[in-house]
file final19.pdb (PDB, C-alpha atoms)
ATOM      1  CA  ASP A  29      22.051 -27.870   9.734
ATOM      2  CA  LEU A  30      20.515 -24.844   8.016
ATOM      3  CA  ASP A  31      17.661 -24.704  10.537
ATOM      4  CA  TYR A  32      19.502 -25.162  13.783
ATOM      5  CA  LEU A  33      23.204 -24.508  13.272
ATOM      6  CA  ASP A  34      23.161 -21.449  10.982
ATOM      7  CA  VAL A  35      25.737 -23.316   8.937
ATOM      8  CA  TYR A  36      25.550 -20.860   6.025
ATOM      9  CA  GLU A  37      26.352 -17.880   8.271
ATOM     10  CA  THR A  38      29.418 -19.618   9.670
ATOM     11  CA  ASN A  39      30.548 -21.009   6.306
ATOM     12  CA  PRO A  40      29.325 -19.212   3.135
ATOM     13  CA  ASP A  41      31.037 -21.923   1.045
ATOM     14  CA  TYR A  42      28.130 -24.161   2.082
ATOM     15  CA  LEU A  43      26.343 -22.660  -0.924
ATOM     16  CA  ASN A  44      28.668 -24.687  -3.175
ATOM     17  CA  ILE A  45      26.683 -27.822  -2.313
ATOM     18  CA  PHE A  46      23.609 -26.355  -4.021
ATOM     19  CA  ILE A  47      25.629 -25.233  -7.036
ATOM     20  CA  ILE A  48      27.269 -28.641  -7.481
ATOM     21  CA  VAL A  49      24.041 -30.631  -7.092
ATOM     22  CA  MET A  50      22.371 -28.573  -9.824
ATOM     23  CA  GLU A  51      25.273 -29.423 -12.148
ATOM     24  CA  ASN A  52      24.288 -33.106 -12.041
ATOM     25  CA  SER A  53      23.052 -33.911 -15.548
ATOM     26  CA  ASN A  54      21.134 -36.940 -14.235
ATOM     27  CA  LEU A  55      18.614 -34.864 -12.264
ATOM     28  CA  HIS A  56      15.995 -35.560 -14.935
ATOM     29  CA  SER A  57      16.211 -39.311 -14.247
ATOM     30  CA  PRO A  58      13.028 -40.871 -12.813
ATOM     31  CA  GLU A  59      14.502 -41.677  -9.389
ATOM     32  CA  TYR A  60      15.324 -38.055  -8.502
ATOM     33  CA  PRO A  61      11.863 -36.359  -8.475
ATOM     34  CA  GLU A  62      10.503 -38.803  -5.884
ATOM     35  CA  VAL A  63      13.034 -38.485  -3.074
ATOM     36  CA  ALA A  64      16.235 -36.562  -3.715
ATOM     37  CA  LEU A  65      14.898 -33.428  -5.397
ATOM     38  CA  PRO A  66      12.096 -32.749  -2.889
ATOM     39  CA  GLN A  67      14.628 -32.898  -0.053
ATOM     40  CA  PHE A  68      17.052 -30.731  -2.014
ATOM     41  CA  CYS A  69      14.353 -28.105  -2.667
ATOM     42  CA  LYS A  70      13.310 -28.048   0.985
ATOM     43  CA  ALA A  71      16.937 -27.567   2.037
ATOM     44  CA  MET A  72      17.487 -24.833  -0.545
ATOM     45  CA  CYS A  73      14.449 -22.956   0.776
ATOM     46  CA  LYS A  74      16.044 -22.831   4.208
ATOM     47  CA  LEU A  75      18.954 -20.772   2.877
ATOM     48  CA  PRO A  76      18.903 -17.138   3.973
ATOM     49  CA  VAL A  77      17.755 -14.563   1.419
ATOM     50  CA  ALA A  78      21.340 -13.322   0.939
ATOM     51  CA  ALA A  79      22.423 -16.842  -0.081
ATOM     52  CA  LEU A  80      19.487 -17.227  -2.484
ATOM     53  CA  ALA A  81      20.442 -13.875  -4.009
ATOM     54  CA  ARG A  82      24.053 -15.049  -4.461
ATOM     55  CA  LEU A  83      22.786 -18.222  -6.099
ATOM     56  CA  SER A  84      20.516 -16.258  -8.423
ATOM     57  CA  LYS A  85      23.332 -13.865  -9.381
ATOM     58  CA  LEU A  86      25.665 -16.777 -10.065
ATOM     59  CA  TRP A  87      23.152 -18.650 -12.229
ATOM     60  CA  SER A  88      22.431 -15.449 -14.158
ATOM     61  CA  THR A  89      26.011 -15.526 -15.470
ATOM     62  CA  TYR A  90      25.769 -19.092 -16.794
ATOM     63  CA  GLY A  91      23.775 -18.393 -19.948
ATOM     64  CA  VAL A  92      20.487 -19.564 -21.396
ATOM     65  CA  PRO A  93      21.103 -23.350 -21.754
ATOM     66  CA  HIS A  94      22.188 -23.739 -18.131
ATOM     67  CA  VAL A  95      19.462 -21.519 -16.663
ATOM     68  CA  ARG A  96      16.861 -23.327 -18.791
ATOM     69  CA  ARG A  97      18.081 -26.732 -17.547
ATOM     70  CA  VAL A  98      17.843 -25.604 -13.908
ATOM     71  CA  MET A  99      14.372 -24.151 -14.566
ATOM     72  CA  GLU A 100      13.221 -27.382 -16.221
ATOM     73  CA  THR A 101      14.493 -29.413 -13.258
ATOM     74  CA  PHE A 102      12.310 -27.461 -10.827
ATOM     75  CA  GLN A 103       9.390 -27.459 -13.267
ATOM     76  CA  GLN A 104       9.714 -31.241 -13.557
ATOM     77  CA  ILE A 105       9.468 -31.799  -9.809
ATOM     78  CA  ILE A 106       6.430 -29.503  -9.587
ATOM     79  CA  THR A 107       4.676 -31.308 -12.440
ATOM     80  CA  PHE A 108       5.640 -34.768 -11.154
ATOM     81  CA  THR A 109       4.340 -33.991  -7.660
ATOM     82  CA  VAL A 110       1.097 -32.427  -8.888
ATOM     83  CA  VAL A 111       0.347 -35.275 -11.303
ATOM     84  CA  SER A 112       1.226 -37.925  -8.692
ATOM     85  CA  ASN A 113      -1.179 -36.594  -6.051
ATOM     86  CA  GLU A 114      -4.879 -35.917  -5.679
ATOM     87  CA  TYR A 115      -5.766 -32.426  -4.517
ATOM     88  CA  ASP A 116      -9.151 -31.193  -3.301
ATOM     89  CA  SER A 117     -10.560 -28.675  -0.841
ATOM     90  CA  ASP A 118      -9.209 -30.689   2.102
ATOM     91  CA  ASN A 119      -5.834 -31.472   0.551
ATOM     92  CA  LEU A 120      -4.659 -28.237  -1.085
ATOM     93  CA  VAL A 121      -1.679 -28.078  -3.400
ATOM     94  CA  ASN A 122      -0.681 -24.941  -1.465
ATOM     95  CA  ASP A 123      -0.054 -27.166   1.559
ATOM     96  CA  ASP A 124       2.190 -29.617  -0.326
ATOM     97  CA  GLN A 125       5.678 -28.856   0.992
ATOM     98  CA  THR A 126       7.378 -30.302  -2.078
ATOM     99  CA  VAL A 127       5.403 -28.107  -4.479
ATOM    100  CA  VAL A 128       5.904 -25.014  -2.332
ATOM    101  CA  ALA A 129       9.655 -25.638  -1.971
ATOM    102  CA  ALA A 130      10.153 -26.348  -5.690
ATOM    103  CA  THR A 131       8.164 -23.217  -6.559
ATOM    104  CA  GLN A 132      10.353 -21.138  -4.257
ATOM    105  CA  CYS A 133      13.445 -22.629  -5.916
ATOM    106  CA  LEU A 134      11.938 -21.803  -9.301
ATOM    107  CA  LYS A 135      11.652 -18.198  -8.126
ATOM    108  CA  VAL A 136      15.446 -18.080  -7.642
ATOM    109  CA  VAL A 137      15.894 -19.252 -11.241
ATOM    110  CA  PHE A 138      13.279 -16.727 -12.383
ATOM    111  CA  TYR A 139      15.335 -13.888 -10.895
ATOM    112  CA  ALA A 140      18.493 -15.363 -12.452
ATOM    113  CA  SER A 141      16.723 -15.136 -15.805
ATOM    114  CA  VAL A 142      15.755 -11.525 -15.133
ATOM    115  CA  LEU A 143      19.271 -10.579 -13.981
ATOM    116  CA  GLY A 144      20.960 -12.352 -16.887
ATOM    117  CA  GLY A 145      18.822 -10.595 -19.483
ATOM    118  CA  ASP A 146      18.385  -6.931 -20.338
ATOM    119  CA  VAL A 147      17.386  -4.996 -17.220
ATOM    120  CA  ASP A 148      16.511  -1.340 -16.678
ATOM    121  CA  VAL A 149      16.707  -0.380 -12.993
ATOM    122  CA  GLU A 150      17.449   3.320 -13.506
ATOM    123  CA  HIS A 151      13.902   4.377 -12.566
ATOM    124  CA  ASN A 152      14.173   2.507  -9.224
ATOM    125  CA  GLU A 153      16.506   5.162  -7.757
ATOM    126  CA  GLU A 154      13.765   7.806  -7.987
ATOM    127  CA  GLU A 155      11.353   5.538  -6.081
ATOM    128  CA  VAL A 156      13.935   4.919  -3.316
ATOM    129  CA  GLU A 157      14.326   8.671  -2.775
ATOM    130  CA  GLU A 158      10.550   9.041  -2.378
ATOM    131  CA  VAL A 159      10.421   6.230   0.205
ATOM    132  CA  GLU A 160      13.288   7.712   2.256
ATOM    133  CA  GLU A 161      11.305  10.923   2.755
ATOM    134  CA  GLU A 162       8.619   8.963   4.636
ATOM    135  CA  ASP A 163      10.809   7.929   7.587
ATOM    136  CA  ALA A 164       8.462   9.066  10.375
ATOM    137  CA  LEU A 165       6.594   6.190  12.029
ATOM    138  CA  SER A 166       2.822   6.256  11.824
ATOM    139  CA  LEU A 167       0.520   5.195  14.657
ATOM    140  CA  HIS A 168      -0.257   1.937  12.820
ATOM    141  CA  GLU A 169       3.451   1.135  12.513
ATOM    142  CA  LEU A 170       4.009   1.822  16.212
ATOM    143  CA  LEU A 171       1.147  -0.550  17.057
ATOM    144  CA  GLY A 172       2.470  -3.227  14.718
ATOM    145  CA  GLU A 173      -0.488  -2.898  12.354
ATOM    146  CA  GLU A 174       1.425  -1.496   9.386
ATOM    147  CA  ARG A 175       0.658  -4.526   7.208
ATOM    148  CA  LEU A 176      -3.096  -3.919   7.591
ATOM    149  CA  TYR A 177      -2.908  -0.388   6.206
ATOM    150  CA  LYS A 178       0.160  -0.528   3.997
ATOM    151  CA  LYS A 179      -0.298   0.661   0.452
ATOM    152  CA  GLY A 180       0.787  -1.396  -2.525
ATOM    153  CA  PRO A 181       1.830  -5.021  -2.925
ATOM    154  CA  ARG A 182       4.176  -6.849  -0.581
ATOM    155  CA  VAL A 183       7.803  -6.636  -1.721
ATOM    156  CA  ASP A 184       9.455 -10.002  -2.174
ATOM    157  CA  PRO A 185      12.564 -10.272   0.079
ATOM    158  CA  LEU A 186      14.613 -11.793  -2.757
ATOM    159  CA  GLU A 187      13.547  -8.990  -5.086
ATOM    160  CA  LYS A 188      14.612  -6.446  -2.468
ATOM    161  CA  GLU A 189      17.952  -8.186  -1.860
ATOM    162  CA  LEU A 190      18.727  -8.310  -5.595
ATOM    163  CA  GLY A 191      17.551  -4.750  -6.206
ATOM    164  CA  VAL A 192      15.641  -5.770  -9.323
ATOM    165  CA  ARG A 193      11.973  -6.336 -10.078
ATOM    166  CA  PRO A 194      10.458  -8.446 -12.837
ATOM    167  CA  VAL A 195       8.950  -5.267 -14.274
ATOM    168  CA  ASP A 196      12.538  -3.974 -14.738
ATOM    169  CA  SER A 197      13.228  -6.761 -17.217
ATOM    170  CA  ARG A 198      13.320  -5.718 -20.843
ATOM    171  CA  ARG A 199      14.256  -9.177 -22.133
ATOM    172  CA  PRO A 200      14.934 -12.037 -19.668
ATOM    173  CA  LEU A 201      17.171 -14.984 -20.506
ATOM    174  CA  ILE A 202      14.091 -17.221 -20.537
ATOM    175  CA  PRO A 203      10.663 -15.851 -21.495
ATOM    176  CA  PHE A 204       8.339 -15.308 -18.541
ATOM    177  CA  GLU A 205       5.719 -17.700 -19.957
ATOM    178  CA  ASP A 206       8.188 -20.605 -19.705
ATOM    179  CA  PHE A 207       7.970 -20.300 -15.925
ATOM    180  CA  VAL A 208       4.235 -21.025 -15.972
ATOM    181  CA  ASN A 209       3.391 -24.561 -14.884
ATOM    182  CA  GLU A 210       0.029 -25.594 -16.342
ATOM    183  CA  SER A 211      -0.236 -28.717 -14.168
ATOM    184  CA  LEU A 212       0.023 -26.546 -11.094
ATOM    185  CA  ASN A 213      -2.384 -23.926 -12.459
ATOM    186  CA  ASP A 214      -4.999 -26.638 -13.005
ATOM    187  CA  VAL A 215      -5.057 -27.661  -9.328
ATOM    188  CA  VAL A 216      -4.618 -24.328  -7.542
ATOM    189  CA  GLU A 217      -7.874 -23.332  -5.886
ATOM    190  CA  MET A 218      -7.829 -19.592  -6.397
ATOM    191  CA  ASP A 219     -10.391 -18.745  -3.722
ATOM    192  CA  LYS A 220      -8.376 -20.562  -1.036
ATOM    193  CA  ASP A 221      -5.042 -19.395  -2.449
ATOM    194  CA  PHE A 222      -6.191 -15.769  -2.451
ATOM    195  CA  THR A 223      -7.180 -15.844   1.220
TER     196      THR A 223
END

call {"tool": "encode", "arguments": {"input": "final19.pdb", "output": "structure tokens"}}
result
Amino acid sequence: DLDYLDVYETNPDYLNIFIIVMENSNLHSPEYPEVALPQFCKAMCKLPVAALARLSKLWSTYGVPHVRRVMETFQQIITFTVVSNEYDSDNLVNDDQTVVAATQCLKVVFYASVLGGDVDVEHNEEEVEEVEEEDALSLHELLGEERLYKKGPRVDPLEKELGVRPVDSRRPLIPFEDFVNESLNDVVEMDKDFT
């Protein structure tokens, strides 16, 4: 429905499904990481950025225990999937749709943690003013090559939608290091991931 019917655009209350499912206290049970959670993560990733931002803002108001539980749910599916599979140069973890989807869901929780904590976005207004002065299109932009010559890192669409960056966080709800998944780090092939 999210792919072909734009169901979220026609009914924003569709987001409630994702909120309610994450309230299920049985998500840590063994039967969920194999079938239900991978499908849930893949569906959640199909939500538009505006919906993911709403979800992140909502979770940021729930407090540390709730945000931690949601984070641990996505961490569990990542770890379970990585440990249950064999990855090598032909079968990259980066190509595993379950891992990618769960990691993208974890990003939504990460931003909820940033938003729910102490944030300083005052300095961002100065940067926006500087960007607005550069409105003239360059030759590379006209030719569609702007990504080849663009300065600086790519801006995450969710970060842009929320108007907050991780660097703006003074003290998140959950420490940044809790979002690191060692099982995943052990199997990521950096040379292939970088390219």

call {"tool": "resolve_selection", "arguments": {"input": "final19.pdb", "expression": "the PyMOL selection byres ((chain A and resi 115-117) around 12)", "output": "mmCIF file with C-alpha atoms, in the coordinates of the input"}}
result
data_model
loop_
_atom_site.group_PDB
_atom_site.id
_atom_site.type_symbol
_atom_site.label_atom_id
_atom_site.label_comp_id
_atom_site.auth_asym_id
_atom_site.auth_seq_id
_atom_site.Cartn_x
_atom_site.Cartn_y
_atom_site.Cartn_z
ATOM 1 C CA THR A 109 4.340 -33.991 -7.660
ATOM 2 C CA VAL A 110 1.097 -32.427 -8.888
ATOM 3 C CA VAL A 111 0.347 -35.275 -11.303
ATOM 4 C CA SER A 112 1.226 -37.925 -8.692
ATOM 5 C CA ASN A 113 -1.179 -36.594 -6.051
ATOM 6 C CA GLU A 114 -4.879 -35.917 -5.679
ATOM 7 C CA ASP A 118 -9.209 -30.689 2.102
ATOM 8 C CA ASN A 119 -5.834 -31.472 0.551
ATOM 9 C CA LEU A 120 -4.659 -28.237 -1.085
ATOM 10 C CA VAL A 121 -1.679 -28.078 -3.400
ATOM 11 C CA ASN A 122 -0.681 -24.941 -1.465
ATOM 12 C CA ASP A 123 -0.054 -27.166 1.559
ATOM 13 C CA ASP A 124 2.190 -29.617 -0.326
ATOM 14 C CA VAL A 127 5.403 -28.107 -4.479
ATOM 15 C CA SER A 211 -0.236 -28.717 -14.168
ATOM 16 C CA LEU A 212 0.023 -26.546 -11.094
ATOM 17 C CA ASP A 214 -4.999 -26.638 -13.005
ATOM 18 C CA VAL A 215 -5.057 -27.661 -9.328
ATOM 19 C CA VAL A 216 -4.618 -24.328 -7.542
ATOM 20 C CA GLU A 217 -7.874 -23.332 -5.886
ATOM 21 C CA MET A 218 -7.829 -19.592 -6.397
ATOM 22 C CA ASP A 219 -10.391 -18.745 -3.722
ATOM 23 C CA LYS A 220 -8.376 -20.562 -1.036
ATOM 24 C CA ASP A 221 -5.042 -19.395 -2.449
#

call {"tool": "resolve_selection", "arguments": {"input": "final19.pdb", "expression": "the PyMOL selection byres ((chain A and resi 94-105) around 8)", "output": "MDAnalysis selection string"}}
result
chainID A and resid 50 55:56 61 65:66 87:88 90:93 106:109 127 130:131 133:134 137:138 140:141 201:202 207 209

call {"tool": "atom_distance", "arguments": {"input": "final19.pdb", "atom1": "CA of Glu150 (chain A)", "atom2": "CA of Lys85 (chain A)"}}
result
18.6 Å

call {"tool": "resolve_selection", "arguments": {"input": "final19.pdb", "expression": "the PyMOL selection byres ((chain A and resi 39-49) around 12)", "output": "ChimeraX atom specification"}}
result
/A:29-30,33-38,50-55,60,64-65,67-76,78-87,90,94,98,101,133

call {"tool": "atom_distance", "arguments": {"input": "final19.pdb", "atom1": "CA of Val147 (chain A)", "atom2": "CA of Ala129 (chain A)"}}
result
26.8 Å

call {"tool": "closest_residue", "arguments": {"input": "final19.pdb", "among": "A:Pro203, A:Gly144, A:Val136, A:Arg198", "to": "Pro185 (chain A)", "atoms": "all atoms listed in the file"}}
result
A:Val136
